[in-house]
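Engineer: data.tsv is reproduced in full below (TSV, C-alpha atoms).
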chain	number	residue	atom	x	y	z
A	190	MET	CA	4.24	-6.61	-5.17
A	191	MET	CA	7.02	-4.58	-6.77
A	192	GLU	CA	6.59	-1.88	-4.16
A	193	LEU	CA	6.64	-4.41	-1.31
A	194	GLU	CA	9.82	-5.99	-2.66
A	195	ALA	CA	11.41	-2.57	-2.89
A	196	LEU	CA	10.37	-1.86	0.71
A	197	GLN	CA	11.85	-5.18	1.80
A	198	ALA	CA	15.18	-4.01	0.33
A	199	VAL	CA	15.24	-1.05	2.76
A	200	TRP	CA	13.68	-2.90	5.69
A	201	PRO	CA	17.07	-3.50	7.42
A	202	GLN	CA	17.72	0.25	7.30
A	203	VAL	CA	14.28	1.00	8.75
A	204	ARG	CA	14.92	-1.47	11.59
A	205	ALA	CA	18.39	-0.04	12.22
A	206	LEU	CA	16.72	3.34	12.76
A	207	GLY	CA	14.48	1.79	15.41
A	208	ALA	CA	11.42	2.26	13.22
A	209	SER	CA	8.72	-0.19	12.15
A	210	LEU	CA	7.26	-0.99	8.76
A	211	VAL	CA	3.98	-2.73	8.06
A	212	ALA	CA	2.02	-3.40	4.90
A	213	ILE	CA	-1.78	-3.25	5.08
A	214	SER	CA	-4.18	-4.74	2.59
A	215	PRO	CA	-7.82	-5.80	2.71
A	216	GLN	CA	-7.04	-9.32	1.64
A	217	LEU	CA	-7.52	-12.35	3.85
A	218	ALA	CA	-4.58	-13.57	5.99
A	219	GLN	CA	-3.89	-16.58	3.77
A	220	TYR	CA	-3.14	-14.25	0.84
A	221	GLY	CA	-1.01	-12.06	3.09
A	222	ARG	CA	1.02	-15.15	3.94
A	223	ALA	CA	1.37	-15.98	0.24
A	224	VAL	CA	2.59	-12.45	-0.57
A	225	ARG	CA	5.17	-12.59	2.20
A	226	ARG	CA	6.45	-15.94	1.04
A	227	ARG	CA	6.59	-15.02	-2.62
A	228	ALA	CA	8.19	-11.61	-2.12
A	229	LYS	CA	10.37	-12.88	0.77
A	230	LEU	CA	9.09	-10.14	3.06
A	231	GLU	CA	10.30	-9.96	6.64
A	232	PHE	CA	7.84	-7.28	7.75
A	233	ASP	CA	4.24	-7.98	8.73
A	234	VAL	CA	1.41	-7.93	6.23
A	235	LEU	CA	-1.71	-6.89	8.13
A	236	THR	CA	-5.26	-7.85	7.25
A	237	ASP	CA	-7.59	-4.87	7.05
A	238	LEU	CA	-10.80	-6.76	6.55
A	239	HIS	CA	-13.57	-4.65	5.00
A	240	LEU	CA	-11.12	-1.73	4.70
A	241	ARG	CA	-11.85	-0.30	8.13
A	242	VAL	CA	-8.37	1.19	8.55
A	243	ALA	CA	-8.20	2.23	4.89
A	244	GLU	CA	-11.48	4.08	5.47
A	245	ALA	CA	-10.04	5.82	8.54
A	246	PHE	CA	-7.16	7.07	6.35
A	247	ARG	CA	-9.77	7.93	3.66
A	248	LEU	CA	-8.21	5.65	1.08
A	249	ALA	CA	-11.11	3.35	0.20
A	250	PHE	CA	-12.74	3.51	-3.22
A	251	ALA	CA	-15.14	1.29	-5.14
A	252	LEU	CA	-14.09	-0.15	-8.47
A	253	PRO	CA	-16.21	1.03	-11.41
A	254	PRO	CA	-18.48	-1.72	-12.81
A	255	ASP	CA	-16.52	-2.26	-16.05
A	256	LEU	CA	-13.26	-2.75	-14.17
A	257	LYS	CA	-15.03	-5.08	-11.77
A	258	GLN	CA	-16.05	-7.21	-14.74
A	259	LEU	CA	-12.56	-7.00	-16.16
A	260	TYR	CA	-10.95	-8.31	-13.00
A	261	ALA	CA	-13.53	-11.05	-12.88
A	262	ALA	CA	-12.51	-11.95	-16.45
A	263	PHE	CA	-8.89	-12.16	-15.29
A	264	GLY	CA	-10.11	-14.77	-12.84
A	265	ASN	CA	-9.65	-12.32	-10.04
A	266	THR	CA	-12.57	-12.17	-7.69
A	267	LEU	CA	-12.08	-9.62	-4.98
A	268	ASP	CA	-15.04	-10.93	-3.07
A	269	LYS	CA	-13.11	-14.15	-2.59
A	270	PHE	CA	-9.75	-12.59	-1.71
A	271	HIS	CA	-11.17	-9.87	0.46
A	272	ASP	CA	-14.54	-11.12	1.61
A	273	GLU	CA	-15.60	-7.78	0.15
A	274	PRO	CA	-18.73	-7.97	-1.98
A	275	ASP	CA	-18.61	-4.23	-2.74
A	276	PHE	CA	-15.34	-4.58	-4.67
A	277	ARG	CA	-13.63	-1.78	-2.81
A	278	LEU	CA	-9.89	-1.25	-2.66
A	279	PRO	CA	-7.50	1.11	-0.89
A	280	MET	CA	-5.66	3.64	-3.02
A	281	PRO	CA	-1.96	2.85	-2.90
A	282	ALA	CA	-0.53	4.93	-0.05
A	283	ARG	CA	2.63	5.20	1.97
A	284	TYR	CA	2.69	7.03	5.28
A	285	VAL	CA	5.41	7.85	7.77
A	286	VAL	CA	3.98	8.37	11.25
A	287	ASP	CA	6.02	9.98	14.02
A	288	GLN	CA	5.93	8.69	17.58
A	289	ASP	CA	3.43	11.37	18.59
A	290	GLY	CA	1.01	9.85	16.05
A	291	ARG	CA	1.39	12.73	13.59
A	292	ILE	CA	1.68	11.94	9.87
A	293	ARG	CA	5.04	13.29	8.64
A	294	ALA	CA	4.97	11.97	5.09
A	295	ALA	CA	2.04	10.91	2.93
A	296	ASP	CA	2.02	9.66	-0.62
A	297	VAL	CA	-1.37	8.65	-1.97
A	298	SER	CA	-1.75	7.81	-5.65
A	299	PRO	CA	-4.81	7.04	-7.76
A	300	ASP	CA	-2.38	5.24	-10.10
A	301	TYR	CA	-0.70	2.17	-8.67
A	302	THR	CA	2.16	2.46	-11.17
A	303	VAL	CA	3.31	5.75	-9.64
A	304	ARG	CA	5.00	5.20	-6.28
A	305	PRO	CA	7.61	7.00	-4.17
A	306	GLU	CA	11.11	5.62	-3.75
A	307	PRO	CA	11.78	3.61	-0.58
A	308	ASP	CA	15.09	5.45	-0.16
A	309	ASP	CA	13.15	8.71	0.23
A	310	THR	CA	11.01	7.09	2.92
A	311	VAL	CA	14.14	5.96	4.78
A	312	ALA	CA	15.52	9.50	4.60
A	313	ILE	CA	12.31	10.84	6.18
A	314	VAL	CA	12.50	8.27	8.99
A	315	ARG	CA	16.14	9.16	9.55
A	316	GLY	CA	15.20	12.83	9.80
A	317	LEU	CA	12.49	12.09	12.38
A	318	ARG	CA	14.90	10.00	14.41
A	319	ALA	CA	17.48	12.79	14.38
A	320	ALA	CA	14.90	15.40	15.40
A	321	ASN	CA	13.56	13.19	18.20
A	322	ASP	CA	17.08	12.46	19.48
A	323	ALA	CA	17.90	16.17	19.48
A	324	ARG	CA	14.79	16.87	21.59
A	325	SER	CA	15.46	14.21	24.20
B	177	MET	CA	16.95	0.27	-10.91
B	178	SER	CA	14.69	2.55	-8.87
B	179	LEU	CA	11.19	1.42	-7.91
B	180	GLN	CA	9.64	3.92	-10.32
B	181	GLN	CA	11.85	2.67	-13.16
B	182	GLN	CA	10.74	-0.89	-12.41
B	183	LEU	CA	7.10	0.21	-12.39
B	184	ASP	CA	7.56	2.09	-15.66
B	185	ALA	CA	9.12	-0.99	-17.25
B	186	PHE	CA	6.27	-3.18	-16.00
B	187	LYS	CA	3.70	-0.72	-17.32
B	188	ALA	CA	5.36	-0.56	-20.75
B	189	THR	CA	5.36	-4.36	-21.05
B	190	PHE	CA	1.84	-4.73	-19.68
B	191	GLU	CA	0.38	-2.08	-21.99
B	192	SER	CA	2.22	-3.34	-25.07
B	193	GLY	CA	-0.22	-6.26	-25.10
B	194	ALA	CA	2.75	-8.62	-25.46
B	195	PRO	CA	3.50	-11.72	-23.39
B	196	PRO	CA	3.54	-12.60	-20.59
B	197	TYR	CA	0.44	-10.47	-19.91
B	198	ASN	CA	-1.23	-10.48	-23.35
B	199	VAL	CA	-3.69	-7.77	-22.39
B	200	SER	CA	-6.12	-6.52	-25.02
B	201	ARG	CA	-6.35	-2.86	-26.00
B	202	GLU	CA	-9.92	-2.78	-24.74
B	203	ARG	CA	-8.90	-3.95	-21.28
B	204	ILE	CA	-6.07	-1.45	-21.10
B	205	GLU	CA	-8.51	1.32	-21.97
B	206	ILE	CA	-10.92	0.24	-19.23
B	207	MET	CA	-8.07	0.33	-16.73
B	208	HIS	CA	-6.89	3.75	-17.95
B	209	ARG	CA	-10.41	5.11	-17.71
B	210	ALA	CA	-10.82	3.82	-14.14
B	211	THR	CA	-7.52	5.40	-13.07
B	212	GLU	CA	-8.49	8.66	-14.74
B	213	GLU	CA	-11.90	8.67	-13.05
B	214	LEU	CA	-10.27	8.05	-9.69
B	215	ARG	CA	-7.81	10.87	-10.33
B	216	GLN	CA	-10.61	13.26	-11.30
B	217	SER	CA	-12.71	12.27	-8.30
B	218	GLY	CA	-10.18	14.09	-6.12
B	219	LEU	CA	-10.31	11.24	-3.62
B	220	ALA	CA	-6.53	11.12	-3.27
B	221	GLU	CA	-6.50	14.77	-2.21
B	222	ARG	CA	-9.04	14.03	0.53
B	223	ALA	CA	-7.00	11.21	2.07
B	224	LEU	CA	-5.19	11.89	5.35
B	225	LYS	CA	-2.12	14.02	4.79
B	226	VAL	CA	0.97	15.45	6.44
B	227	GLY	CA	0.12	17.03	9.80
B	228	ASP	CA	-2.98	14.90	10.39
B	229	LEU	CA	-3.13	12.49	13.30
B	230	ALA	CA	-2.84	8.90	12.10
B	231	PRO	CA	-5.77	6.78	13.26
B	232	ALA	CA	-4.69	4.11	15.74
B	233	PHE	CA	-5.27	0.56	14.52
B	234	GLU	CA	-5.26	-3.01	15.74
B	235	LEU	CA	-5.05	-5.57	12.97
B	236	ASP	CA	-4.12	-9.24	12.65
B	237	ASN	CA	-0.89	-10.01	10.85
B	238	GLN	CA	-0.49	-12.86	8.35
B	239	ASP	CA	-0.30	-15.39	11.19
B	240	GLY	CA	-3.32	-14.12	13.08
B	241	ARG	CA	-1.26	-12.25	15.70
B	242	LEU	CA	-2.72	-8.88	16.74
B	243	VAL	CA	-0.51	-5.89	15.86
B	244	ARG	CA	-1.24	-2.53	17.52
B	245	SER	CA	-0.01	0.72	16.00
B	246	ALA	CA	0.42	2.14	19.53
B	247	ASP	CA	2.91	-0.63	20.38
B	248	LEU	CA	4.89	0.01	17.20
B	249	LEU	CA	4.95	3.78	17.80
B	250	ALA	CA	6.23	3.23	21.35
B	251	ASP	CA	9.47	1.98	19.75
B	252	GLY	CA	9.92	4.57	17.01
B	253	PRO	CA	8.44	6.01	13.82
B	254	LEU	CA	6.15	3.81	11.74
B	255	VAL	CA	6.04	3.35	7.98
B	256	ILE	CA	2.70	2.11	6.64
B	257	ALA	CA	2.26	0.84	3.09
B	258	PHE	CA	-1.33	0.34	1.95
B	259	PHE	CA	-1.61	-2.01	-1.02
B	260	ARG	CA	-4.53	-3.51	-2.85
B	261	GLY	CA	-3.53	-7.16	-2.81
B	262	HIS	CA	-1.21	-9.83	-4.07
B	263	TRP	CA	-2.50	-9.83	-7.65
In structure tokens, write the structure found in this file.
Structural biologist:
Amino acid sequence: MMELEALQAVWPQVRALGASLVAISPQLAQYGRAVRRRAKLEFDVLTDLHLRVAEAFRLAFALPPDLKQLYAAFGNTLDKFHDEPDFRLPMPARYVVDQDGRIRAADVSPDYTVRPEPDDTVAIVRGLRAANDARS
Amino acid sequence: MSLQQQLDAFKATFESGAPPYNVSRERIEIMHRATEELRQSGLAERALKVGDLAPAFELDNQDGRLVRSADLLADGPLVIAFFRGHW
């Protein structure tokens, strides 16, 4: 949530650069809507049911059994939110993809409390834009 | 405050066991262990990285409208944020 709010703060800059920004999570669309409302997000929150796209980026991992139980004790049942009986999640990741489909920045963290600054992401997008403009 | 400073502040409050989270030491240790295991698994290093081709995707947005990465990339660069969920 904190990361999404921070990305929302730079979303106007991303748009001004002619770039797009999407968030992807395995949770069902109704929870995506709730996140957008609560965090006042203007960008799309996409539903990656059963982590198919997260798998393609090699981000999916299964929660260890004790953590599974712990989340259940918090009243948090991933199988309900995600329709995902295996209790898998994506590692937190932020990618910048250039127009040719090439990944130009990648930040994948096993620890969700360590995340890159949105300003740095904007700077990377700006650099790509400048390089693409120079080529054309 | 930077995002990382906000996350650090959240973590400090969460792990103090104080309100509003009131998390027990035992639970914090389970969470630490899981993060450490994930780190040691090397999974993060095997994820797609700079220079790789990003897989194309077609996913529904929050309103059930189909969003295609190819359409977004036709306009400009694309930033993708993977997150676990709203909780």
Engineer: Which distance in Å separates CA of Val199 in chain B and CA of Ala228 in chain A, to one decimal?
Structural biologist: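 Atom-to-atom, CA of Val199 in chain B to CA of Ala228 in chain A, that is 23.8 Å.
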Engineer: What does the distance from CA of Pro231 in chain B to CA of Arg293 in chain A come to in Å, to one decimal?
Structural biologist: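 Answer for the CA of Pro231 in chain B to CA of Arg293 in chain A separation: 13.4 Å.
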Engineer: What is the distance between CA of Arg304 in chain A and CA of Met190 in chain A, in Å to one decimal?
Structural biologist: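 Pair CA of Arg304 in chain A / CA of Met190 in chain A returns 11.9 Å.
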Engineer: May I have the residues within 7 Å of range 278-283 of chain A as a CSV table (one decimal) with C-alpha atoms, in the coordinates of the input, using only C-alpha atoms and disregarding those fewer than 2 positions away in the same chain?
Structural biologist:
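Contents of part38.csv, freshly written:
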chain,number,residue,atom,x,y,z
A,243,ALA,CA,-8.2,2.2,4.9
A,248,LEU,CA,-8.2,5.6,1.1
A,249,ALA,CA,-11.1,3.4,0.2
A,250,PHE,CA,-12.7,3.5,-3.2
A,251,ALA,CA,-15.1,1.3,-5.1
A,276,PHE,CA,-15.3,-4.6,-4.7
A,285,VAL,CA,5.4,7.8,7.8
A,295,ALA,CA,2.0,10.9,2.9
A,296,ASP,CA,2.0,9.7,-0.6
A,297,VAL,CA,-1.4,8.6,-2.0
A,298,SER,CA,-1.8,7.8,-5.6
A,299,PRO,CA,-4.8,7.0,-7.8
A,301,TYR,CA,-0.7,2.2,-8.7
B,256,ILE,CA,2.7,2.1,6.6
B,257,ALA,CA,2.3,0.8,3.1
B,258,PHE,CA,-1.3,0.3,2.0
B,259,PHE,CA,-1.6,-2.0,-1.0
B,260,ARG,CA,-4.5,-3.5,-2.8
Engineer: Using only C-alpha atoms, which chain A residues lie at most 6 Å away from chain B, written as a ChimeraX atom specification?
Structural biologist: /A:207-214,218,221-222,224,233-236,246-248,278-279,281-288,290-295,297,299-300,302,306
Engineer: Could you add whatever atoms are missing so that range 193-207 of chain A carries N, CA and C atoms, then write the result as a PDB file, in the coordinates of the input?
Structural biologist:
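Result saved to selection.pdb:
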ATOM      1  N   LEU A 193       6.321  -3.695  -2.552  1.00  0.00           N
ATOM      2  CA  LEU A 193       6.640  -4.410  -1.310  1.00  0.00           C
ATOM      3  C   LEU A 193       8.052  -4.975  -1.362  1.00  0.00           C
ATOM      4  N   GLU A 194       8.443  -5.484  -2.523  1.00  0.00           N
ATOM      5  CA  GLU A 194       9.820  -5.990  -2.660  1.00  0.00           C
ATOM      6  C   GLU A 194      10.836  -4.872  -2.473  1.00  0.00           C
ATOM      7  N   ALA A 195      10.503  -3.720  -3.021  1.00  0.00           N
ATOM      8  CA  ALA A 195      11.410  -2.570  -2.890  1.00  0.00           C
ATOM      9  C   ALA A 195      11.481  -2.118  -1.428  1.00  0.00           C
ATOM     10  N   LEU A 196      10.361  -2.225  -0.717  1.00  0.00           N
ATOM     11  CA  LEU A 196      10.370  -1.860   0.710  1.00  0.00           C
ATOM     12  C   LEU A 196      11.165  -2.893   1.521  1.00  0.00           C
ATOM     13  N   GLN A 197      11.064  -4.154   1.116  1.00  0.00           N
ATOM     14  CA  GLN A 197      11.850  -5.180   1.800  1.00  0.00           C
ATOM     15  C   GLN A 197      13.355  -4.858   1.699  1.00  0.00           C
ATOM     16  N   ALA A 198      13.758  -4.328   0.536  1.00  0.00           N
ATOM     17  CA  ALA A 198      15.180  -4.010   0.330  1.00  0.00           C
ATOM     18  C   ALA A 198      15.681  -2.968   1.331  1.00  0.00           C
ATOM     19  N   VAL A 199      14.792  -2.077   1.788  1.00  0.00           N
ATOM     20  CA  VAL A 199      15.240  -1.050   2.760  1.00  0.00           C
ATOM     21  C   VAL A 199      14.832  -1.406   4.194  1.00  0.00           C
ATOM     22  N   TRP A 200      14.161  -2.534   4.360  1.00  0.00           N
ATOM     23  CA  TRP A 200      13.680  -2.900   5.690  1.00  0.00           C
ATOM     24  C   TRP A 200      14.800  -2.951   6.734  1.00  0.00           C
ATOM     25  N   PRO A 201      15.987  -3.509   6.417  1.00  0.00           N
ATOM     26  CA  PRO A 201      17.070  -3.500   7.420  1.00  0.00           C
ATOM     27  C   PRO A 201      17.443  -2.088   7.862  1.00  0.00           C
ATOM     28  N   GLN A 202      17.408  -1.137   6.933  1.00  0.00           N
ATOM     29  CA  GLN A 202      17.720   0.250   7.300  1.00  0.00           C
ATOM     30  C   GLN A 202      16.647   0.830   8.216  1.00  0.00           C
ATOM     31  N   VAL A 203      15.392   0.516   7.915  1.00  0.00           N
ATOM     32  CA  VAL A 203      14.280   1.000   8.750  1.00  0.00           C
ATOM     33  C   VAL A 203      14.421   0.450  10.166  1.00  0.00           C
ATOM     34  N   ARG A 204      14.737  -0.836  10.280  1.00  0.00           N
ATOM     35  CA  ARG A 204      14.920  -1.470  11.590  1.00  0.00           C
ATOM     36  C   ARG A 204      16.086  -0.835  12.332  1.00  0.00           C
ATOM     37  N   ALA A 205      17.189  -0.600  11.590  1.00  0.00           N
ATOM     38  CA  ALA A 205      18.390  -0.040  12.220  1.00  0.00           C
ATOM     39  C   ALA A 205      18.090   1.341  12.809  1.00  0.00           C
ATOM     40  N   LEU A 206      17.106   2.018  12.250  1.00  0.00           N
ATOM     41  CA  LEU A 206      16.720   3.340  12.760  1.00  0.00           C
ATOM     42  C   LEU A 206      15.718   3.216  13.915  1.00  0.00           C
ATOM     43  N   GLY A 207      15.414   1.998  14.300  1.00  0.00           N
ATOM     44  CA  GLY A 207      14.480   1.790  15.410  1.00  0.00           C
ATOM     45  C   GLY A 207      13.038   2.026  15.008  1.00  0.00           C
TER      46      GLY A 207
END
